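Engineer: Below is coords39.cif; it holds mmCIF, C-alpha atoms and all ligand atoms.
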data_coords
loop_
_atom_site.label_atom_id
_atom_site.label_comp_id
_atom_site.auth_asym_id
_atom_site.auth_seq_id
_atom_site.Cartn_x
_atom_site.Cartn_y
_atom_site.Cartn_z
CA MET A 1 30.46 200.09 -93.65
CA LYS A 2 31.39 203.75 -94.11
CA GLN A 3 31.80 205.50 -90.76
CA SER A 4 31.05 209.18 -90.29
CA ARG A 5 33.81 211.26 -88.75
CA PRO A 6 33.56 212.06 -85.03
CA LYS A 7 32.09 215.53 -84.27
CA LYS A 8 35.35 216.95 -82.87
CA GLU A 9 37.33 215.95 -85.97
CA LYS A 10 34.68 217.59 -88.22
CA GLY A 11 34.93 220.77 -86.13
CA ASN A 12 38.71 220.81 -86.49
CA MET A 13 38.46 220.33 -90.26
CA ALA A 14 35.99 223.23 -90.55
CA ALA A 15 38.39 225.44 -88.57
CA VAL A 16 41.30 224.52 -90.87
CA ILE A 17 39.24 225.27 -94.01
CA SER A 18 37.98 228.56 -92.61
CA SER A 19 41.52 229.69 -91.77
CA LYS A 20 42.66 228.71 -95.30
CA LEU A 21 39.79 230.66 -96.89
CA LEU A 22 40.54 233.69 -94.72
CA GLY A 23 44.18 233.43 -95.79
CA VAL A 24 43.07 233.54 -99.46
CA ALA A 25 40.75 236.52 -98.91
CA GLY A 26 43.63 238.22 -97.08
CA LYS A 27 45.48 238.32 -100.41
CA PHE A 28 42.62 239.91 -102.42
CA LEU A 29 43.56 243.54 -101.84
CA GLY A 30 45.37 245.11 -104.79
CA LYS A 31 45.25 242.05 -107.09
CA LYS A 32 45.12 243.29 -110.67
CA ILE A 33 42.31 241.80 -112.72
CA ALA A 34 41.42 242.54 -116.33
CA VAL A 35 37.74 242.10 -117.17
CA ILE A 36 36.70 241.94 -120.81
CA GLY A 37 33.19 241.53 -122.08
CA ASP A 38 29.77 242.95 -122.87
CA CYS A 39 29.15 246.13 -120.91
CA MET A 40 25.65 247.41 -120.22
CA LEU A 41 23.72 250.02 -118.39
CA ASP A 42 20.73 248.90 -116.32
CA ARG A 43 18.06 251.57 -116.04
CA TYR A 44 15.11 251.41 -113.66
CA LEU A 45 12.04 253.59 -113.99
CA TYR A 46 9.78 253.57 -110.95
CA GLY A 47 6.24 254.89 -111.14
CA ASP A 48 2.55 254.54 -110.38
CA SER A 49 -0.33 254.03 -112.73
CA GLU A 50 -3.73 255.49 -111.93
CA ARG A 51 -5.05 256.38 -115.37
CA VAL A 52 -5.75 254.66 -118.66
CA SER A 53 -4.35 256.30 -121.77
CA GLN A 54 -6.72 257.97 -124.23
CA GLU A 55 -4.49 256.91 -127.11
CA ALA A 56 -4.60 253.16 -126.51
CA PRO A 57 -6.01 250.77 -123.86
CA ILE A 58 -2.85 250.94 -121.77
CA PRO A 59 -2.04 252.37 -118.33
CA VAL A 60 -0.26 255.72 -118.06
CA ILE A 61 2.62 255.47 -115.64
CA ASP A 62 3.88 258.58 -113.88
CA ILE A 63 7.63 258.17 -113.37
CA ARG A 64 8.72 259.21 -109.89
CA GLU A 65 12.28 257.92 -109.89
CA GLU A 66 14.93 256.93 -112.40
CA THR A 67 18.11 255.04 -111.45
CA TYR A 68 21.09 253.65 -113.37
CA THR A 69 23.61 250.93 -112.55
CA ILE A 70 26.32 249.24 -114.56
CA GLY A 71 25.63 245.70 -115.68
CA GLY A 72 26.96 242.75 -117.65
CA ALA A 73 30.77 242.62 -117.62
CA ALA A 74 30.76 245.85 -115.63
CA ASN A 75 28.85 244.12 -112.83
CA ALA A 76 31.53 241.42 -112.65
CA ALA A 77 34.11 244.26 -112.60
CA ALA A 78 32.19 246.11 -109.84
CA ASN A 79 32.13 242.91 -107.77
CA LEU A 80 35.89 242.51 -108.18
CA ALA A 81 36.48 246.14 -107.19
CA SER A 82 34.33 245.85 -104.08
CA LEU A 83 36.30 242.74 -103.09
CA GLY A 84 39.49 244.81 -103.17
CA ALA A 85 40.89 244.15 -106.67
CA LYS A 86 42.40 246.76 -108.95
CA VAL A 87 40.22 246.33 -112.00
CA SER A 88 40.73 247.25 -115.64
CA LEU A 89 37.56 246.90 -117.72
CA PHE A 90 37.59 246.39 -121.49
CA GLY A 91 34.44 246.78 -123.58
CA VAL A 92 32.48 248.85 -126.08
CA VAL A 93 29.95 251.65 -125.63
CA GLY A 94 28.11 253.95 -128.02
CA ASP A 95 28.87 257.58 -128.73
CA ASP A 96 25.90 258.63 -126.59
CA SER A 97 24.94 260.05 -123.21
CA GLU A 98 24.50 256.52 -121.79
CA GLY A 99 28.10 255.72 -122.73
CA LYS A 100 29.28 258.79 -120.84
CA MET A 101 27.15 257.86 -117.86
CA PHE A 102 28.53 254.32 -118.00
CA ARG A 103 32.07 255.66 -117.68
CA ILE A 104 31.17 257.84 -114.68
CA LEU A 105 29.38 254.97 -112.92
CA CYS A 106 32.41 252.70 -113.44
CA LYS A 107 34.56 255.22 -111.55
CA GLU A 108 31.92 255.46 -108.81
CA LYS A 109 32.05 251.67 -108.40
CA GLY A 110 35.82 251.79 -107.94
CA ILE A 111 36.78 250.32 -111.34
CA LEU A 112 40.25 251.75 -111.73
CA ASN A 113 40.79 251.76 -115.51
CA VAL A 114 38.32 251.58 -118.35
CA PHE A 115 39.44 250.74 -121.87
CA LEU A 116 36.28 251.44 -123.82
CA ARG A 117 35.92 251.54 -127.57
CA VAL A 118 33.35 254.16 -128.50
CA HIS A 119 31.20 253.26 -131.51
CA ALA A 120 29.37 255.86 -133.57
CA ARG A 121 26.86 253.40 -135.04
CA ARG A 122 26.38 251.13 -132.07
CA PRO A 123 24.48 252.40 -129.04
CA THR A 124 25.48 251.67 -125.48
CA THR A 125 23.52 248.58 -124.45
CA VAL A 126 20.75 249.77 -122.13
CA LYS A 127 18.17 247.59 -120.41
CA THR A 128 15.30 249.61 -119.05
CA ARG A 129 12.93 248.11 -116.50
CA LEU A 130 9.63 249.76 -115.82
CA VAL A 131 8.56 249.12 -112.25
CA ALA A 132 5.03 250.08 -111.17
CA ARG A 133 3.67 249.39 -107.69
CA GLY A 134 6.81 247.41 -106.86
CA LYS A 135 6.46 245.03 -109.83
CA GLN A 136 8.38 244.96 -113.12
CA VAL A 137 5.76 245.55 -115.81
CA ALA A 138 7.96 245.85 -118.90
CA ARG A 139 11.55 245.82 -120.04
CA PHE A 140 12.83 247.50 -123.14
CA ASP A 141 16.31 246.93 -124.50
CA LYS A 142 18.40 249.16 -126.70
CA GLU A 143 21.25 247.19 -128.21
CA VAL A 144 23.11 246.12 -131.31
CA THR A 145 24.69 242.70 -130.96
CA ASP A 146 26.81 242.62 -134.12
CA THR A 147 30.29 241.31 -133.53
CA ILE A 148 32.91 243.98 -132.92
CA THR A 149 35.38 244.94 -135.66
CA SER A 150 38.87 243.52 -136.10
CA HIS A 151 40.18 246.98 -135.10
CA ASP A 152 38.45 246.57 -131.76
CA GLU A 153 39.85 243.07 -131.36
CA LYS A 154 43.36 244.33 -132.06
CA TYR A 155 42.94 247.24 -129.66
CA PHE A 156 41.88 244.94 -126.80
CA LEU A 157 44.71 242.51 -127.42
CA ARG A 158 47.26 245.32 -127.67
CA GLU A 159 46.12 246.83 -124.38
CA LEU A 160 46.12 243.42 -122.68
CA GLU A 161 49.64 242.76 -123.95
CA LYS A 162 50.83 246.17 -122.73
CA HIS A 163 49.64 245.31 -119.24
CA SER A 164 50.56 241.63 -119.23
CA GLY A 165 53.23 241.92 -116.53
CA LEU A 166 50.70 243.58 -114.26
CA ILE A 167 47.72 241.24 -114.53
CA HIS A 168 47.01 238.46 -112.02
CA ALA A 169 43.93 237.09 -113.83
CA ILE A 170 41.65 237.78 -116.79
CA VAL A 171 37.88 237.51 -116.45
CA ILE A 172 35.83 237.11 -119.63
CA SER A 173 32.22 238.14 -119.04
CA ASP A 174 30.17 237.11 -122.04
CA TYR A 175 26.58 238.26 -122.48
CA ALA A 176 26.45 237.42 -126.21
CA LYS A 177 26.36 241.08 -127.26
CA GLY A 178 29.19 240.87 -129.77
CA VAL A 179 32.45 241.55 -127.91
CA LEU A 180 33.52 237.91 -127.56
CA THR A 181 34.19 237.05 -131.19
CA PRO A 182 35.73 233.64 -131.91
CA ASP A 183 39.09 235.24 -132.80
CA LEU A 184 39.25 237.52 -129.78
CA SER A 185 38.11 234.81 -127.35
CA ARG A 186 40.68 232.32 -128.62
CA ALA A 187 43.43 234.95 -128.68
CA ILE A 188 42.77 235.87 -125.03
CA VAL A 189 42.87 232.21 -123.99
CA ARG A 190 46.17 231.74 -125.89
CA PHE A 191 47.57 234.93 -124.39
CA GLY A 192 46.71 233.78 -120.87
CA ARG A 193 48.39 230.42 -121.39
CA LYS A 194 51.51 232.00 -122.90
CA GLN A 195 51.83 234.57 -120.13
CA ASN A 196 50.79 232.17 -117.38
CA ILE A 197 47.82 234.35 -116.44
CA PRO A 198 44.65 232.47 -115.39
CA VAL A 199 41.72 233.10 -117.74
CA ILE A 200 38.29 232.59 -116.19
CA ALA A 201 35.37 232.84 -118.62
CA ASP A 202 31.63 233.07 -117.94
CA PRO A 203 30.38 232.01 -121.37
CA LYS A 204 27.03 232.18 -123.13
CA PRO A 205 26.07 228.90 -124.87
CA GLY A 206 26.60 230.15 -128.44
CA ASN A 207 30.19 231.12 -127.67
CA PHE A 208 30.98 228.23 -125.33
CA TRP A 209 33.44 226.43 -127.62
CA PHE A 210 35.57 229.55 -128.17
CA PHE A 211 36.85 229.15 -124.62
CA LYS A 212 38.46 225.74 -125.00
CA ASN A 213 41.68 225.57 -122.96
CA ALA A 214 40.70 228.49 -120.68
CA SER A 215 41.80 227.95 -117.07
CA ALA A 216 38.19 227.77 -115.88
CA LEU A 217 34.61 228.33 -117.03
CA THR A 218 31.67 229.34 -114.84
CA PRO A 219 28.44 228.63 -116.80
CA ASN A 220 25.11 228.12 -115.11
CA ARG A 221 22.96 225.05 -115.45
CA TYR A 222 20.76 226.43 -118.28
CA GLU A 223 23.81 227.43 -120.25
CA ILE A 224 25.31 223.94 -120.20
CA GLU A 225 21.88 222.52 -120.95
CA ALA A 226 21.83 224.59 -124.15
CA VAL A 227 25.36 223.46 -125.03
CA TRP A 228 24.52 219.83 -124.26
CA GLY A 229 21.31 220.06 -126.31
CA GLU A 230 19.16 218.09 -123.90
CA LYS A 231 17.30 218.83 -120.64
CA LEU A 232 19.50 218.11 -117.64
CA ASP A 233 16.66 217.28 -115.28
CA ASN A 234 18.41 214.92 -112.92
CA GLU A 235 21.69 214.70 -111.04
CA LYS A 236 23.02 211.86 -113.18
CA LYS A 237 22.58 213.83 -116.40
CA ILE A 238 24.10 216.99 -114.89
CA ARG A 239 27.16 215.04 -113.73
CA GLU A 240 27.53 213.33 -117.10
CA ALA A 241 27.29 216.60 -119.04
CA GLY A 242 29.62 218.43 -116.63
CA ARG A 243 32.26 215.71 -116.77
CA LEU A 244 32.21 215.44 -120.55
CA LEU A 245 32.21 219.20 -121.19
CA GLN A 246 35.07 219.67 -118.71
CA LYS A 247 37.06 217.06 -120.59
CA LYS A 248 36.22 218.31 -124.07
CA MET A 249 36.98 221.89 -123.13
CA ASN A 250 40.23 220.97 -121.38
CA THR A 251 39.34 223.28 -118.53
CA THR A 252 38.05 223.39 -114.98
CA LEU A 253 34.28 223.77 -115.01
CA LEU A 254 32.49 225.51 -112.17
CA LEU A 255 28.82 224.88 -112.75
CA THR A 256 26.62 227.33 -110.85
CA ARG A 257 23.24 225.84 -110.01
CA GLY A 258 21.20 228.59 -108.35
CA LYS A 259 19.57 227.33 -105.13
CA ASP A 260 21.34 223.99 -105.61
CA GLY A 261 24.79 225.55 -105.15
CA MET A 262 27.76 224.71 -107.35
CA THR A 263 29.48 221.66 -108.79
CA LEU A 264 33.18 221.79 -109.60
CA PHE A 265 34.34 219.52 -112.43
CA GLN A 266 38.07 218.92 -112.75
CA SER A 267 40.03 216.17 -114.47
CA SER A 268 40.35 214.54 -111.02
CA GLY A 269 36.54 214.33 -110.62
CA ALA A 270 33.45 216.24 -109.55
CA LEU A 271 32.80 217.91 -106.20
CA HIS A 272 29.45 219.33 -105.13
CA PHE A 273 28.97 222.34 -102.83
CA PRO A 274 25.42 222.99 -101.56
CA ALA A 275 24.26 226.62 -101.45
CA VAL A 276 24.91 228.40 -98.18
CA GLN A 277 22.13 231.02 -98.24
CA THR A 278 18.49 230.30 -97.42
CA ASP A 279 17.37 233.87 -96.85
CA VAL A 280 17.08 234.91 -100.50
CA ALA A 281 15.96 238.38 -101.61
CA ASP A 282 17.17 238.73 -105.21
CA VAL A 283 19.25 236.31 -107.27
CA ALA A 284 19.95 238.69 -110.16
CA GLY A 285 23.67 239.14 -110.74
CA ALA A 286 24.67 236.28 -108.42
CA GLY A 287 26.49 234.62 -111.32
CA ASP A 288 28.67 237.71 -111.83
CA THR A 289 29.55 237.70 -108.13
CA ALA A 290 30.38 234.00 -108.25
CA THR A 291 32.69 234.42 -111.27
CA ALA A 292 34.35 237.52 -109.77
CA ALA A 293 35.03 235.93 -106.37
CA PHE A 294 36.18 232.66 -107.95
CA ALA A 295 38.62 234.47 -110.27
CA LEU A 296 39.98 236.71 -107.54
CA ALA A 297 40.58 233.69 -105.31
CA ILE A 298 42.47 231.95 -108.12
CA ALA A 299 44.48 235.14 -108.75
CA SER A 300 45.32 235.04 -105.03
CA GLY A 301 46.75 231.51 -105.28
CA ALA A 302 43.75 229.49 -104.03
CA SER A 303 43.08 225.94 -105.17
CA TYR A 304 39.96 225.55 -107.33
CA ARG A 305 38.25 223.90 -104.41
CA HIS A 306 38.91 226.80 -102.05
CA ALA A 307 38.05 229.29 -104.80
CA THR A 308 34.68 227.54 -105.13
CA GLU A 309 34.07 227.78 -101.37
CA ILE A 310 34.76 231.50 -101.59
CA ALA A 311 32.54 231.98 -104.68
CA LEU A 312 29.75 230.15 -102.87
CA ARG A 313 29.93 232.41 -99.83
CA ALA A 314 30.28 235.61 -101.86
CA SER A 315 27.23 234.77 -104.00
CA GLY A 316 25.37 233.71 -100.85
CA ILE A 317 25.83 237.24 -99.50
CA VAL A 318 24.53 239.00 -102.64
CA VAL A 319 21.42 236.87 -103.03
CA ALA A 320 20.34 238.01 -99.57
CA LYS A 321 20.45 241.64 -100.78
CA SER A 322 17.77 243.20 -102.96
CA GLY A 323 18.58 244.35 -106.49
CA VAL A 324 21.81 243.58 -108.34
CA ALA A 325 24.29 243.90 -105.51
CA THR A 326 27.98 243.53 -104.78
CA VAL A 327 29.79 242.08 -101.78
CA SER A 328 32.58 243.87 -99.92
CA LEU A 329 35.79 242.24 -98.72
CA ALA A 330 34.77 242.90 -95.10
CA GLU A 331 31.40 241.19 -95.64
CA LEU A 332 33.09 238.19 -97.25
CA LYS A 333 35.65 237.88 -94.46
CA SER A 334 32.88 238.03 -91.85
CA VAL A 335 31.28 234.86 -93.25
CA LEU A 336 34.59 233.02 -93.58
CA VAL A 337 35.36 232.99 -89.83
N1 LIG A 401 17.96 230.80 -104.75
C1 LIG A 401 19.22 230.71 -104.31
N2 LIG A 401 19.47 230.26 -103.06
C2 LIG A 401 20.72 230.17 -102.57
N3 LIG A 401 21.82 230.51 -103.29
C3 LIG A 401 21.64 230.95 -104.55
C4 LIG A 401 20.33 231.08 -105.13
N4 LIG A 401 20.48 231.54 -106.40
C5 LIG A 401 21.80 231.71 -106.59
N5 LIG A 401 22.51 231.34 -105.49
C6 LIG A 401 23.98 231.36 -105.35
O1 LIG A 401 24.55 232.12 -106.40
C7 LIG A 401 25.33 231.28 -107.29
C8 LIG A 401 25.21 231.75 -108.72
O2 LIG A 401 23.85 231.76 -109.08
P1 LIG A 401 23.29 231.18 -110.47
O3 LIG A 401 23.66 229.77 -110.62
O4 LIG A 401 21.85 231.53 -110.48
O5 LIG A 401 24.11 232.05 -111.52
P2 LIG A 401 23.61 232.72 -112.88
O6 LIG A 401 22.46 231.96 -113.41
O7 LIG A 401 24.80 232.90 -113.74
O8 LIG A 401 23.12 234.14 -112.33
P3 LIG A 401 22.94 235.51 -113.13
O9 LIG A 401 23.14 235.23 -114.58
O10 LIG A 401 21.55 235.97 -112.76
O11 LIG A 401 23.97 236.42 -112.54
C9 LIG A 401 24.80 229.88 -107.03
O12 LIG A 401 25.75 228.89 -107.38
C10 LIG A 401 24.49 229.93 -105.53
O13 LIG A 401 25.66 229.75 -104.77
MG MG A 402 25.34 234.17 -115.41
#
Represent the structure of the file as structure tokens.

Structural biologist:
Amino acid sequence: MKQSRPKKEKGNMAAVISSKLLGVAGKFLGKKIAVIGDCMLDRYLYGDSERVSQEAPIPVIDIREETYTIGGAANAAANLASLGAKVSLFGVVGDDSEGKMFRILCKEKGILNVFLRVHARRPTTVKTRLVARGKQVARFDKEVTDTITSHDEKYFLRELEKHSGLIHAIVISDYAKGVLTPDLSRAIVRFGRKQNIPVIADPKPGNFWFFKNASALTPNRYEIEAVWGEKLDNEKKIREAGRLLQKKMNTTLLLTRGKDGMTLFQSSGALHFPAVQTDVADVAGAGDTATAAFALAIASGASYRHATEIALRASGIVVAKSGVATVSLAELKSVLV
């Protein structure tokens, strides 16, 4: 019969893990991470509605407040910066006021370098949420999701190559808006392998196969469900899909599972990590935090297992905050002790 470990031994093990995780986080500061992906601007319009329009049977909303934050790949980059990394962000924006604002907000979030291609015929991706009486009532998106040009691909690869000696990890943040073309995705994975730089990709289902041979992937459950082509509605199916996709992709697969935590699939087997946060305010952006913390831990020399523990705690902190939030290095360290 399997015996559970005595309490004291469990306590000692927890202390050893916590000191290892703190050691990893202690190496975060100044790590150089390149983030490439689909950049966006999130816009929130807050207002009240007390009248019905005379033009159509719809409410008229008086806007009282308008706020902007950076989203998509830029949110992963902002999370890396707030954890202490020196971040270079690669992406595309339009030749518009939102593109200019995007650049300014990146600086405000501590993203050190931005390598943005400015497109005349492609607007900056903007997602506008209309919030009335504390509830989202509509969202309107401005975007063009055509794949980027081969000039853009070459530019990104050239810039990555120029900085290769200075990069500790590459994060690919895919929101299926056209930056991660098959050629560019595969070239980045090849580049990482050649230069011995870990490449961690957070893929959308349609682009999943482009990231074969990446060091690690961090999809969520719905994304692998779409890749698998069948509902993964029980643990057995999730494990089967995770194991097979990990093998087929020749990668390490960190499956994020919302309130159910994370499962790490490696060639040596699967390990499950239950979520650590029960006091949840807003889960939006938790996946970006998880990918950012996981990648930074790997860049800092952590094992995949320890990187997962860190990603779990970092995302646990942001889900307790309202809105799309980031986690600071001090906050992360405080939950690792
Ligand atoms: N409801 C929740 N309760 C506790 N932890 C959560 C919850 N939702 C998310 N988390 C934590 O955040 C991690 C990442 O969340 P999730 O799996 O939802 O990523 P995601 O779907 O890619 O998120 P998004 O795309 O909105 O950024 C989870 O693995 C878990 O650790
Ligand atoms: Mg996600």

Engineer: Could you give me, as a tab-separated table, a per-residue list for chain A showing, wherever an atom lies at most 7 Å from an atom of ligand LIG 401 (chain A), the closest pair of atoms and their distance in Å to one decimal, using all atoms listed in the file and sorting by chain then residue number from low to high?

Structural biologist:
residue	atom	partner	partner_atom	distance
A:Pro219	CA	A:LIG401	O7	6.4
A:Asn220	CA	A:LIG401	O6	5.0
A:Arg221	CA	A:LIG401	O3	6.8
A:Thr256	CA	A:LIG401	O3	3.8
A:Arg257	CA	A:LIG401	O3	4.0
A:Gly258	CA	A:LIG401	O3	3.5
A:Lys259	CA	A:LIG401	C1	3.5
A:Asp260	CA	A:LIG401	C10	6.7
A:Gly261	CA	A:LIG401	O12	4.1
A:Met262	CA	A:LIG401	O12	4.6
A:Ala275	CA	A:LIG401	O13	4.8
A:Val276	CA	A:LIG401	C2	6.3
A:Gln277	CA	A:LIG401	C2	4.6
A:Thr278	CA	A:LIG401	C2	5.6
A:Val280	CA	A:LIG401	N2	5.8
A:Val283	CA	A:LIG401	N4	5.0
A:Ala284	CA	A:LIG401	O10	4.1
A:Gly285	CA	A:LIG401	O11	3.3
A:Ala286	CA	A:LIG401	O11	4.2
A:Gly287	CA	A:LIG401	O11	3.3
A:Asp288	CA	A:LIG401	O11	4.9
A:Ala290	CA	A:LIG401	C8	5.7
A:Leu312	CA	A:LIG401	O13	4.5
A:Ser315	CA	A:LIG401	O1	4.5
A:Gly316	CA	A:LIG401	C6	5.3
A:Val319	CA	A:LIG401	C3	6.1

Engineer: Considering only C-alpha atoms and all ligand atoms, can you say which of A:Ala281, A:Leu232, A:Ala292, A:Val87 comes closest to ligand MG 402 (chain A)?

Structural biologist: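 Smallest distance to ligand MG 402 (chain A) is found for A:Ala292.
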
Engineer: Please provide the set of residues having any atom within 7 Å of range 169-183 of chain A, restricted to all atoms listed in the file, with same-chain residues fewer than 2 positions apart removed, written as a ChimeraX atom specification.

Structural biologist: /A:33-38,72-73,145-148,167,185-187,197-204,210,295,299

Engineer: Between A:Trp209, A:Trp228, A:Phe28, A:Tyr46, which has the minimum distance to Lys86 in chain A (counting only C-alpha atoms)?

Structural biologist: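 When distances to Lys86 in chain A are compared using only C-alpha atoms, the smallest one comes from A:Phe28.
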
Engineer: What is the CA of Thr125 in chain A-CA of Lys321 in chain A distance in Å, reported with one decimal?

Structural biologist: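 It comes out at 24.9 Å.
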
Engineer: Please indicate the distance in Å from CA of Pro59 in chain A to CA of Thr124 in chain A, rounded to one decimal place.

Structural biologist: 28.4 Å

Engineer: When you look at Leu271 in chain A with a cut-off of 9 Å (counting all atoms listed in the file), what residues show up, excluding the ones that are within fewer than 4 positions of it in the same chain? I need them as a PDB file with C-alpha atoms, keeping the file's coordinate frame.

Structural biologist:
ATOM      1  CA  MET A 262      27.760 224.710-107.350  1.00  0.00           C
ATOM      2  CA  THR A 263      29.480 221.660-108.790  1.00  0.00           C
ATOM      3  CA  LEU A 264      33.180 221.790-109.600  1.00  0.00           C
ATOM      4  CA  PHE A 265      34.340 219.520-112.430  1.00  0.00           C
ATOM      5  CA  GLN A 266      38.070 218.920-112.750  1.00  0.00           C
ATOM      6  CA  ARG A 305      38.250 223.900-104.410  1.00  0.00           C
TER       7      ARG A 305
END

Engineer: Within 12 Å of (30.6, 215.7, -119.8), in the coordinates the file gives, what residues turn up when you count all atoms listed in the file, written out as an MDAnalysis selection string?

Structural biologist: chainID A and resid 224:225 227:228 232 236:253 255 265:267 269:270

Engineer: Name the closest residue to Leu217 in chain A among the candidates A:Glu230, A:His151, A:Leu254, A:Pro123; distances are taken between atoms, counting all atoms listed in the file.

Structural biologist: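 Between A:Glu230, A:His151, A:Leu254, A:Pro123, the residue approaching Leu217 in chain A most closely is A:Leu254.
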
Engineer: Tell me which protein, DNA and RNA residues are within 12 Å of Val335 in chain A, counting all atoms listed in the file, leaving out same-chain ones fewer than 5 positions away, and put them as a list of chain:residue names.

Structural biologist: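 Contacts, in chain order: A:Ser18, A:Ser19, A:Leu21, A:Leu22, A:Ala25, A:Val276, A:Gln277, A:Glu309, A:Ile310, A:Ala311, A:Leu312, A:Arg313, A:Ala314, A:Ser315, A:Gly316, A:Ile317, A:Val327, A:Ser328, A:Leu329, A:Ala330.
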
Engineer: Could you tell me how far CA of Leu130 in chain A lies from CA of Thr69 in chain A, in Å and to one decimal?

Structural biologist: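 CA of Leu130 in chain A sits 14.4 Å away from CA of Thr69 in chain A.
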
Engineer: Find the residues with any atom within 9 Å of (20.2, 246.1, -110.2); use only C-alpha atoms and the coordinates as given in the file, and write the answer as number ranges by chain.

Structural biologist: A: 42-44, 68-71, 284-285, 322-325

Engineer: With distances taken over all atoms listed in the file, which of A:Gly30, A:Glu153, A:Val126, A:Leu332 is nearest to Ser97 in chain A?

Structural biologist: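 Result for the nearest residue to Ser97 in chain A: A:Val126.
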
Engineer: Which is closest to ligand MG 402 (chain A) among A:Ala320, A:Phe191, A:Asn75, A:Arg121, if we use only C-alpha atoms and all ligand atoms?

Structural biologist: A:Asn75

Engineer: With distances taken over all atoms listed in the file, which of A:Glu223, A:Asp96, A:Asp279, A:Glu331 is nearest to Pro205 in chain A?

Structural biologist: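 Of all the options, A:Glu223 lies closest to Pro205 in chain A.
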
Engineer: Quick one: everything within 9 Å of Arg103 in chain A, counting only C-alpha atoms, minus sequence neighbours fewer than 5 positions away in the same chain. Send it as a list in words.

Structural biologist: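 Near neighbours after the sequence-gap exclusion: Glu98, Glu108, Val114 and Leu116 of chain A.
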
Engineer: Assuming the input is short of atoms at range 47-51 of chain A, produce all heavy atoms for that part as a PDB file, in the frame of the given file.

Structural biologist:
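And here's selection_25.pdb as it stands now:
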ATOM      1  N   GLY A  47       7.396 253.998-111.053  1.00  0.00           N
ATOM      2  CA  GLY A  47       6.240 254.890-111.140  1.00  0.00           C
ATOM      3  C   GLY A  47       4.958 254.247-110.658  1.00  0.00           C
ATOM      4  O   GLY A  47       4.948 253.099-110.207  1.00  0.00           O
ATOM      5  N   ASP A  48       3.880 255.029-110.761  1.00  0.00           N
ATOM      6  CA  ASP A  48       2.550 254.540-110.380  1.00  0.00           C
ATOM      7  C   ASP A  48       1.623 254.701-111.568  1.00  0.00           C
ATOM      8  O   ASP A  48       1.799 255.602-112.378  1.00  0.00           O
ATOM      9  CB  ASP A  48       1.987 255.383-109.232  1.00  0.00           C
ATOM     10  CG  ASP A  48       2.692 255.052-107.937  1.00  0.00           C
ATOM     11  OD1 ASP A  48       3.011 253.870-107.737  1.00  0.00           O
ATOM     12  OD2 ASP A  48       2.948 255.987-107.158  1.00  0.00           O
ATOM     13  N   SER A  49       0.621 253.837-111.640  1.00  0.00           N
ATOM     14  CA  SER A  49      -0.330 254.030-112.730  1.00  0.00           C
ATOM     15  C   SER A  49      -1.734 254.168-112.137  1.00  0.00           C
ATOM     16  O   SER A  49      -2.184 253.313-111.368  1.00  0.00           O
ATOM     17  CB  SER A  49      -0.270 252.855-113.702  1.00  0.00           C
ATOM     18  OG  SER A  49      -1.120 251.840-113.314  1.00  0.00           O
ATOM     19  N   GLU A  50      -2.377 255.286-112.446  1.00  0.00           N
ATOM     20  CA  GLU A  50      -3.730 255.490-111.930  1.00  0.00           C
ATOM     21  C   GLU A  50      -4.725 255.830-113.040  1.00  0.00           C
ATOM     22  O   GLU A  50      -5.899 255.983-112.802  1.00  0.00           O
ATOM     23  CB  GLU A  50      -3.712 256.609-110.879  1.00  0.00           C
ATOM     24  CG  GLU A  50      -3.649 256.040-109.464  1.00  0.00           C
ATOM     25  CD  GLU A  50      -2.788 256.844-108.542  1.00  0.00           C
ATOM     26  OE1 GLU A  50      -2.756 258.068-108.705  1.00  0.00           O
ATOM     27  OE2 GLU A  50      -2.133 256.246-107.671  1.00  0.00           O
ATOM     28  N   ARG A  51      -4.181 255.973-114.255  1.00  0.00           N
ATOM     29  CA  ARG A  51      -5.050 256.380-115.370  1.00  0.00           C
ATOM     30  C   ARG A  51      -4.876 255.435-116.545  1.00  0.00           C
ATOM     31  O   ARG A  51      -3.835 254.783-116.661  1.00  0.00           O
ATOM     32  CB  ARG A  51      -4.652 257.777-115.869  1.00  0.00           C
ATOM     33  CG  ARG A  51      -4.878 258.874-114.892  1.00  0.00           C
ATOM     34  CD  ARG A  51      -4.306 260.167-115.425  1.00  0.00           C
ATOM     35  NE  ARG A  51      -2.858 260.237-115.337  1.00  0.00           N
ATOM     36  CZ  ARG A  51      -2.073 260.776-116.259  1.00  0.00           C
ATOM     37  NH1 ARG A  51      -2.589 261.239-117.376  1.00  0.00           N
ATOM     38  NH2 ARG A  51      -0.765 260.833-116.093  1.00  0.00           N
TER      39      ARG A  51
END
